[in-house]
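Shown next, in structure tokens, is the structure this report addresses.
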Amino acid sequence: MHWSGPAIILSMSAHGENGAIVRVMTAENGLIAGYVRGGSGRRLRPVLVPGNQVKIDWRTRVESQLGHMTVELAHSAAPLMLGPRLATAILGWATALTAAALPERQPYPAIHEALATLLTIMEVSPDQRAWAATLVRYELILLGELGFGLDLTHCAATGTMEDLAYVSPKSSQAVCREAGLPYAPRLLPLPAFLLPGGLAAGEWPDWAEIADGLKLTGHFLDRDVLIGRVQSLWEARHRIESIVSRERNENNSSPAETKPL
């Protein structure tokens, strides 16, 4: 088996004296893992940073084997890694989540596109709310593509499509404000920016809505996707939640101005 093309680095772990096991995300073949000779050495280590966009050449003689991979850098994510704490946390979490959640060699073009979009927005947008809101949307897409999508089209109790304000943590279905208000403490808040037409073009949600979005997707990722995973996997996301919570509590961001983190 042989495949060559563009990919996004998801993870790298040292293997042997100077090799590395590398996991990448591709549009055509989903997650691919391979052994990179010299991957933990000085020359290749900067190339194998999560978030880097690369060109890979992957080969294996037997489908069940790991395979060998060569990697060539196409676009570096180093500016993000050296940027604000929020950028570092989002990059670390999004790549680690993708590597942990996806089965190997199964195409998920929508997930690849959403991850690439997240990386692009983090590079081009100066508004850090854009980064965090796009991460929430990425997690929502990942849940849906893996078969654990949320039904946000109508109220599970009344059938209405208006004023959807909550999500049931059990059924993963939306609930309208009127039907959900008596049970609000047991429901998850549904931020408007996750609904069609919830935001005007060029606008981003406030930090309170982003915090609600992280709480929403985090619940279902923990319940359905990352079951029993080690706590260290969640550390980057906890940092994201902490930064967003601080901004929400300080209440010092507005649609026209965002304080650097």
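Letters A, B, ... mark the chains of the structure tokens in the order given; residue numbers begin at 1 per chain; ligand numbers begin at 1, in order shown.
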
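Look at range 216-233 of chain A: the protein and nucleic acid residues within 8 Å of it, using only C-alpha atoms and passing over chain neighbours fewer than 3 places away, are A:Trp93, A:Ala96, A:Leu97, A:Ala100, A:Ala101, A:Val136, A:Glu139, A:Leu140, A:Leu143, A:Phe148, A:Val167, A:Pro169, A:Leu188, A:Pro189, A:Leu190, A:Asp212, A:Gly213, A:Ala236.
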
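Take CA of Arg105 in chain A and CA of Ser76 in chain A: the distance between them is 24.2 Å.
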
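Neighbouring residues of range 117-123 of chain A at 8 Å or closer, counting only C-alpha atoms and skipping chain neighbours under 3 positions away, are Gly51, Leu80, Ala87, Leu91, Glu113, Ala114, Pro126, Gln128, Ala130, Trp131, Thr134, Leu135 and Tyr138 of chain A.
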
Among the residues A:Ile243, A:Ala116, A:Ala33, A:Ile90, the one that comes closest to Ser64 in chain A [using only C-alpha atoms]: A:Ala33
